[in-house]
Amino acid sequence: MQPKLYPEDTIAAIATPLGRGAIGIIKISGESALSILKQIFKPKKNTTSFQSHRLYYGFIVDPETEKVIDEVMAVYMQKPKTYTREDVVEIYAHSGTLILRKILELVLKAGARLAQPGEFTLRAYLNGRIDLSQAEAIQELISAKTEKALQLSLNTLLGRFSEKINQIRQHLLDLLAQVESAIDFPEENLEILEPPQLIERINSQVIPELQQLIKNYQEGKVYKEGISLVIAGKPNVGKSSLMNALLKEERAIVTPIPGTTRDFLEEEATIEGLPVKLIDTAGIRATEDPIEKIGVERAKHKFKEADLILFLVDVSSPPSEEEKNLFEEVKIYPHLVLINKIDLIPNYLEAWEKELEKWGVKDYLPISVKEGKNLDLLGKKIFEKITGGKEPEIPELVPNLRQKISLEKAIRYLENALEELKKPNPLPEIISIEIREAISALSEIIGEVTTEDLLTQIFSTFCIGK
């Protein structure tokens, strides 16, 4: 069941992760929140009224059996000074799956229904407490994996991105007023329209601002969305060992037997401040094993999705035609060649360096995963490959992908308006339509223009209880 866009019922959910812990929270929002609390909560000090935003100590009691379920703290928060701008109740119980589910069951019996994913935040948006970009920032804040991602999401949550969008919209509304004056007074059309001035304002005040935000997306998305890092090579070159080293834990199975990894393995890590999805792939070789063949094909498919491929070769073995052919498949994607096992003596380092020169590889890194040699340099190399070799200046405002697409739409509409303005006899009606569409595209970002399908798509990604 999808959440209603204009709900009147009262919703409830467990707002903390299930499991053993000190405190678990049940959240209730809606007109019946207080009456539900009164049905199941018995304050230690008898009271018939609850002051807003004040904690009360007492017990959750089953109204049917009079059985005490838990010792809790409870708070009633009167609208509109709440997260949803509805009456809200929060019950702070001992955290345990059985306890919290029992309390939630009593809440639902007392008149609430179970909240859908993101429904509390959806109500905060529908009730005007936050706009759509701020609602998305809440989810990004929860999902942030690095300090920089956290700060970028917080900037949006605090409304800085919305302020910027509203400033640009205001410029367009001013331009629209001038264009529509020309429609209302056709006899003075050209005098009011002033095409050169309008062209100048759009090109200097609006489009550069939109382009900068799109550029911000490109520069900041690696911190918000992370990168995909694929580890590839022949069997037994040290791929799984490298993954464990980057994760700083024994996650992948490591054996001297070639072909141990038969499928890809994904884990998350942080490298030089970048959130990274590490993917250890099956060793690529010709094989008759049907299961290993599937693993090899999946590994090659992962090449297409990677932001960077770490291509490992084993310096304890001489270069082979098989590895050259494999590199031909890798080199069309962003990659970094790693010569592993340099701790072994003797080795074929000189032969490998000559071979890489034949392949046209100038940027490679000798490493020893076992001894940890040059792994610190590897982190820096990965950072350089992803960011272009310099510490980027992370912009303060970074849109997400949905918002970036809306910004691009706005630019296209404004470019259409500019084309009309440059004609010998521009039609203000056409210019007006294009500017209105640009304003509408920006309004989609903050949720002033939206659809139920879009809201369902956005809020369905939230956890229940948020």
# chains A, B, ... in the order shown; residues from 1 in each chain; ligands from 1
>>> residues_around(residues="Arg101 of chain A", least_positions_apart="4", cutoff="8 Å", atoms="only C-alpha atoms", output="list in words")
Ile14, Thr97 and Glu105 of chain A
>>> select_by_dssp(residues="segment 220-448 of chain A", states="strand (DSSP E or B)", output="number ranges by chain")
A: 227-233, 265-271, 274-280, 308-314, 335-340, 364-366, 368, 373
>>> write_last_selection(atoms="N, CA and C atoms", output="mmCIF file, in the first residue's frame")
data_model
loop_
_atom_site.group_PDB
_atom_site.id
_atom_site.type_symbol
_atom_site.label_atom_id
_atom_site.label_comp_id
_atom_site.auth_asym_id
_atom_site.auth_seq_id
_atom_site.Cartn_x
_atom_site.Cartn_y
_atom_site.Cartn_z
ATOM 1 N N ILE A 227 31.963 5.706 -5.502
ATOM 2 C CA ILE A 227 32.494 5.184 -6.761
ATOM 3 C C ILE A 227 32.515 3.658 -6.711
ATOM 4 N N SER A 228 32.534 3.064 -7.894
ATOM 5 C CA SER A 228 32.606 1.613 -8.023
ATOM 6 C C SER A 228 34.020 1.234 -8.440
ATOM 7 N N LEU A 229 34.675 0.428 -7.629
ATOM 8 C CA LEU A 229 36.073 0.061 -7.853
ATOM 9 C C LEU A 229 36.143 -1.452 -8.059
ATOM 10 N N VAL A 230 36.469 -1.893 -9.279
ATOM 11 C CA VAL A 230 36.508 -3.316 -9.615
ATOM 12 C C VAL A 230 37.946 -3.814 -9.610
ATOM 13 N N ILE A 231 38.176 -4.920 -8.927
ATOM 14 C CA ILE A 231 39.496 -5.547 -8.888
ATOM 15 C C ILE A 231 39.476 -6.715 -9.872
ATOM 16 N N ALA A 232 40.372 -6.707 -10.872
ATOM 17 C CA ALA A 232 40.343 -7.701 -11.949
ATOM 18 C C ALA A 232 41.728 -8.263 -12.212
ATOM 19 N N GLY A 233 41.754 -9.422 -12.845
ATOM 20 C CA GLY A 233 43.014 -10.058 -13.211
ATOM 21 C C GLY A 233 42.839 -11.553 -13.346
ATOM 22 N N LEU A 265 32.236 -10.244 -5.374
ATOM 23 C CA LEU A 265 31.949 -9.947 -3.975
ATOM 24 C C LEU A 265 32.007 -8.445 -3.795
ATOM 25 N N GLU A 266 30.968 -7.851 -3.207
ATOM 26 C CA GLU A 266 30.896 -6.398 -3.039
ATOM 27 C C GLU A 266 30.966 -6.020 -1.562
ATOM 28 N N GLU A 267 31.762 -4.999 -1.255
ATOM 29 C CA GLU A 267 31.842 -4.448 0.099
ATOM 30 C C GLU A 267 32.076 -2.942 -0.002
ATOM 31 N N GLU A 268 31.722 -2.225 1.055
ATOM 32 C CA GLU A 268 31.898 -0.772 1.067
ATOM 33 C C GLU A 268 33.098 -0.392 1.919
ATOM 34 N N ALA A 269 33.818 0.627 1.453
ATOM 35 C CA ALA A 269 34.992 1.112 2.166
ATOM 36 C C ALA A 269 35.123 2.613 1.929
ATOM 37 N N THR A 270 36.049 3.239 2.628
ATOM 38 C CA THR A 270 36.377 4.648 2.399
ATOM 39 C C THR A 270 37.862 4.726 2.083
ATOM 40 N N ILE A 271 38.191 5.303 0.925
ATOM 41 C CA ILE A 271 39.585 5.433 0.492
ATOM 42 C C ILE A 271 39.874 6.904 0.227
ATOM 43 N N LEU A 274 36.912 9.070 -0.008
ATOM 44 C CA LEU A 274 35.900 8.736 -1.011
ATOM 45 C C LEU A 274 35.134 7.493 -0.588
ATOM 46 N N PRO A 275 33.803 7.536 -0.608
ATOM 47 C CA PRO A 275 33.048 6.302 -0.379
ATOM 48 C C PRO A 275 33.188 5.386 -1.585
ATOM 49 N N VAL A 276 33.585 4.158 -1.341
ATOM 50 C CA VAL A 276 33.932 3.239 -2.431
ATOM 51 C C VAL A 276 33.161 1.933 -2.272
ATOM 52 N N LYS A 277 32.629 1.433 -3.391
ATOM 53 C CA LYS A 277 32.087 0.082 -3.440
ATOM 54 C C LYS A 277 33.155 -0.786 -4.086
ATOM 55 N N LEU A 278 33.782 -1.650 -3.289
ATOM 56 C CA LEU A 278 34.834 -2.540 -3.774
ATOM 57 C C LEU A 278 34.204 -3.809 -4.333
ATOM 58 N N ILE A 279 34.638 -4.210 -5.514
ATOM 59 C CA ILE A 279 34.095 -5.414 -6.145
ATOM 60 C C ILE A 279 35.245 -6.340 -6.506
ATOM 61 N N ASP A 280 35.309 -7.466 -5.810
ATOM 62 C CA ASP A 280 36.307 -8.501 -6.105
ATOM 63 C C ASP A 280 35.681 -9.469 -7.093
ATOM 64 N N LEU A 308 36.489 2.764 -11.869
ATOM 65 C CA LEU A 308 37.924 2.491 -12.024
ATOM 66 C C LEU A 308 38.153 0.984 -11.851
ATOM 67 N N ILE A 309 38.979 0.408 -12.733
ATOM 68 C CA ILE A 309 39.367 -0.998 -12.633
ATOM 69 C C ILE A 309 40.804 -1.083 -12.141
ATOM 70 N N LEU A 310 41.022 -1.833 -11.066
ATOM 71 C CA LEU A 310 42.371 -2.130 -10.612
ATOM 72 C C LEU A 310 42.770 -3.458 -11.263
ATOM 73 N N PHE A 311 43.686 -3.387 -12.241
ATOM 74 C CA PHE A 311 44.086 -4.576 -13.001
ATOM 75 C C PHE A 311 45.375 -5.125 -12.407
ATOM 76 N N LEU A 312 45.289 -6.299 -11.762
ATOM 77 C CA LEU A 312 46.435 -6.895 -11.085
ATOM 78 C C LEU A 312 47.154 -7.885 -11.989
ATOM 79 N N VAL A 313 48.488 -7.833 -11.936
ATOM 80 C CA VAL A 313 49.312 -8.870 -12.555
ATOM 81 C C VAL A 313 50.270 -9.389 -11.483
ATOM 82 N N ASP A 314 50.727 -10.607 -11.671
ATOM 83 C CA ASP A 314 51.579 -11.287 -10.688
ATOM 84 C C ASP A 314 53.027 -11.255 -11.167
ATOM 85 N N HIS A 335 41.324 2.682 -15.782
ATOM 86 C CA HIS A 335 42.006 1.571 -15.124
ATOM 87 C C HIS A 335 43.321 2.030 -14.506
ATOM 88 N N LEU A 336 43.826 1.191 -13.615
ATOM 89 C CA LEU A 336 45.142 1.372 -13.024
ATOM 90 C C LEU A 336 45.779 -0.012 -12.920
ATOM 91 N N VAL A 337 46.979 -0.172 -13.502
ATOM 92 C CA VAL A 337 47.678 -1.461 -13.484
ATOM 93 C C VAL A 337 48.509 -1.567 -12.206
ATOM 94 N N LEU A 338 48.358 -2.696 -11.506
ATOM 95 C CA LEU A 338 49.106 -2.953 -10.276
ATOM 96 C C LEU A 338 49.958 -4.205 -10.472
ATOM 97 N N ILE A 339 51.271 -4.074 -10.242
ATOM 98 C CA ILE A 339 52.182 -5.222 -10.318
ATOM 99 C C ILE A 339 52.336 -5.756 -8.901
ATOM 100 N N ASN A 340 51.700 -6.870 -8.613
ATOM 101 C CA ASN A 340 51.644 -7.396 -7.248
ATOM 102 C C ASN A 340 52.755 -8.426 -6.980
ATOM 103 N N TYR A 364 51.662 2.833 -13.769
ATOM 104 C CA TYR A 364 51.415 1.586 -13.051
ATOM 105 C C TYR A 364 52.067 1.693 -11.679
ATOM 106 N N LEU A 365 51.698 0.760 -10.795
ATOM 107 C CA LEU A 365 52.215 0.823 -9.427
ATOM 108 C C LEU A 365 52.629 -0.568 -8.958
ATOM 109 N N PRO A 366 53.935 -0.772 -8.655
ATOM 110 C CA PRO A 366 54.356 -2.032 -8.046
ATOM 111 C C PRO A 366 53.909 -2.073 -6.581
ATOM 112 N N SER A 368 53.037 -4.842 -2.932
ATOM 113 C CA SER A 368 52.992 -6.152 -2.291
ATOM 114 C C SER A 368 51.828 -6.110 -1.300
ATOM 115 N N LYS A 373 53.294 -3.177 1.017
ATOM 116 C CA LYS A 373 54.158 -2.196 0.350
ATOM 117 C C LYS A 373 53.369 -1.384 -0.679
#
>>> closest_residue(among="A:Lys164, A:Glu357, A:Lys234, A:Leu198", to="Leu176 of chain A", atoms="only C-alpha atoms")
A:Leu198
>>> residues_around(residues="Ile431 of chain A", least_positions_apart="4", cutoff="10 Å", atoms="only C-alpha atoms", output="ChimeraX atom specification")
/A:175-176,179-180,413-414,416-421,426-427,435-437
>>> residues_around(residues="segment 82-93 of chain A", least_positions_apart="5", cutoff="7 Å", atoms="only C-alpha atoms", output="tab-separated table (two decimals) with C-alpha atoms, in the first residue's frame")
chain	number	residue	atom	x	y	z
A	23	ILE	CA	16.59	2.50	23.93
A	24	GLY	CA	14.01	1.87	21.22
A	25	ILE	CA	11.53	4.48	20.02
A	26	ILE	CA	7.93	4.14	18.87
A	27	LYS	CA	6.75	7.18	16.90
A	28	ILE	CA	3.08	8.14	16.41
A	29	SER	CA	1.83	11.04	14.25
A	30	GLY	CA	-1.70	12.28	13.58
A	31	GLU	CA	-4.85	13.58	15.24
A	33	ALA	CA	-1.70	10.41	18.73
A	34	LEU	CA	-2.51	11.72	22.22
A	70	ASP	CA	7.53	-2.10	29.75
A	71	GLU	CA	8.81	0.78	31.83
A	72	VAL	CA	9.12	3.80	29.52
A	73	MET	CA	9.41	7.53	29.01
A	74	ALA	CA	6.82	9.20	26.79
A	75	VAL	CA	6.45	12.64	25.26
A	76	TYR	CA	3.49	14.36	23.59
A	77	MET	CA	4.34	17.13	21.09
A	120	PHE	CA	6.64	10.71	8.44
A	121	THR	CA	8.93	12.76	6.19
A	123	ARG	CA	3.87	14.38	5.93
A	124	ALA	CA	6.51	16.93	6.91
A	127	ASN	CA	2.44	20.02	5.64
A	129	ARG	CA	7.67	22.02	7.11
>>> closest_residue(among="A:His53, A:Gly159, A:Ser432, A:Leu114", to="Glu136 of chain A", atoms="only C-alpha atoms")
A:Gly159
>>> residues_around(residues="Thr387 of chain A", least_positions_apart="3", cutoff="12 Å", atoms="only C-alpha atoms", output="list in words")
Gln218, Glu219, Gly220, Lys221, Val222, Tyr223, Ile227, Glu272, Gly273, Leu274, Asp307, Leu308, Lys380, Lys381, Ile382, Phe383, Glu384, Lys390, Glu391, Pro392, Glu393 and Ile394 of chain A
>>> residues_around(residues="segment 438-447 of chain A", least_positions_apart="2", cutoff="6 Å", atoms="only C-alpha atoms", output="PDB file with N, CA and C atoms, in the first residue's frame")
ATOM      1  N   ASP A 131      10.788  21.396   2.138  1.00  0.00           N
ATOM      2  CA  ASP A 131      10.472  21.221   0.721  1.00  0.00           C
ATOM      3  C   ASP A 131      11.043  19.874   0.255  1.00  0.00           C
ATOM      4  N   LEU A 132      10.842  19.571  -1.015  1.00  0.00           N
ATOM      5  CA  LEU A 132      11.205  18.246  -1.520  1.00  0.00           C
ATOM      6  C   LEU A 132      12.715  18.021  -1.503  1.00  0.00           C
ATOM      7  N   SER A 133      13.487  19.042  -1.817  1.00  0.00           N
ATOM      8  CA  SER A 133      14.946  18.875  -1.805  1.00  0.00           C
ATOM      9  C   SER A 133      15.442  18.608  -0.386  1.00  0.00           C
ATOM     10  N   ARG A 169      14.700  31.278  -9.594  1.00  0.00           N
ATOM     11  CA  ARG A 169      13.293  31.357  -9.993  1.00  0.00           C
ATOM     12  C   ARG A 169      12.800  32.798  -9.975  1.00  0.00           C
ATOM     13  N   GLN A 403      17.595  16.213  -9.302  1.00  0.00           N
ATOM     14  CA  GLN A 403      17.648  17.672  -9.345  1.00  0.00           C
ATOM     15  C   GLN A 403      18.503  18.156 -10.510  1.00  0.00           C
ATOM     16  N   SER A 406      16.487  18.161 -13.656  1.00  0.00           N
ATOM     17  CA  SER A 406      15.583  19.310 -13.705  1.00  0.00           C
ATOM     18  C   SER A 406      16.328  20.588 -14.081  1.00  0.00           C
ATOM     19  N   ALA A 410      15.655  23.006 -17.362  1.00  0.00           N
ATOM     20  CA  ALA A 410      15.477  24.460 -17.288  1.00  0.00           C
ATOM     21  C   ALA A 410      16.370  25.166 -18.301  1.00  0.00           C
ATOM     22  N   TYR A 413      14.938  24.868 -21.891  1.00  0.00           N
ATOM     23  CA  TYR A 413      13.814  25.783 -22.124  1.00  0.00           C
ATOM     24  C   TYR A 413      14.301  27.225 -22.308  1.00  0.00           C
ATOM     25  N   ILE A 435       9.869  30.299 -20.795  1.00  0.00           N
ATOM     26  CA  ILE A 435      10.299  30.741 -19.458  1.00  0.00           C
ATOM     27  C   ILE A 435       9.451  30.075 -18.384  1.00  0.00           C
ATOM     28  N   ARG A 436       8.156  29.939 -18.638  1.00  0.00           N
ATOM     29  CA  ARG A 436       7.281  29.254 -17.675  1.00  0.00           C
ATOM     30  C   ARG A 436       7.715  27.801 -17.483  1.00  0.00           C
ATOM     31  N   VAL A 449       5.987  21.926  -7.879  1.00  0.00           N
ATOM     32  CA  VAL A 449       5.308  21.242  -8.973  1.00  0.00           C
ATOM     33  C   VAL A 449       5.764  19.795  -8.915  1.00  0.00           C
ATOM     34  N   THR A 450       4.840  18.871  -8.690  1.00  0.00           N
ATOM     35  CA  THR A 450       5.222  17.473  -8.554  1.00  0.00           C
ATOM     36  C   THR A 450       4.037  16.577  -8.853  1.00  0.00           C
TER      37      THR A 450
END
>>> select_by_dssp(residues="segment 3-137 of chain A", states="alpha helix (DSSP H)", output="ChimeraX atom specification")
/A:33-40,97-109,119-126,132-137
>>> write_last_selection(atoms="C-alpha atoms", output="short mmCIF file (atom, residue, chain, number, x, y, z; two decimals), in the first residue's frame")
data_model
loop_
_atom_site.label_atom_id
_atom_site.label_comp_id
_atom_site.auth_asym_id
_atom_site.auth_seq_id
_atom_site.Cartn_x
_atom_site.Cartn_y
_atom_site.Cartn_z
CA ALA A 33 -1.70 10.41 18.73
CA LEU A 34 -2.51 11.72 22.22
CA SER A 35 -5.65 9.62 22.68
CA ILE A 36 -3.67 6.50 21.72
CA LEU A 37 -1.01 7.38 24.28
CA LYS A 38 -3.65 7.79 27.00
CA GLN A 39 -5.04 4.32 26.22
CA ILE A 40 -1.79 2.43 26.70
CA THR A 97 12.55 -6.72 19.13
CA LEU A 98 9.82 -8.39 21.18
CA ILE A 99 9.20 -5.39 23.45
CA LEU A 100 9.01 -2.84 20.64
CA ARG A 101 6.77 -4.99 18.47
CA LYS A 102 4.42 -5.61 21.40
CA ILE A 103 4.14 -1.88 22.10
CA LEU A 104 3.61 -1.15 18.40
CA GLU A 105 0.88 -3.80 18.32
CA LEU A 106 -0.92 -2.02 21.18
CA VAL A 107 -0.57 1.32 19.37
CA LEU A 108 -2.10 -0.14 16.21
CA LYS A 109 -4.97 -1.74 18.18
CA GLU A 119 5.68 8.52 5.47
CA PHE A 120 6.64 10.71 8.44
CA THR A 121 8.93 12.76 6.19
CA LEU A 122 6.28 12.77 3.46
CA ARG A 123 3.87 14.38 5.93
CA ALA A 124 6.51 16.93 6.91
CA TYR A 125 6.76 17.83 3.21
CA LEU A 126 3.01 17.87 2.56
CA LEU A 132 11.21 18.25 -1.52
CA SER A 133 14.95 18.88 -1.81
CA GLN A 134 15.19 18.99 2.00
CA ALA A 135 13.23 15.74 2.26
CA GLU A 136 15.70 14.06 -0.09
CA ALA A 137 18.56 15.51 1.94
#
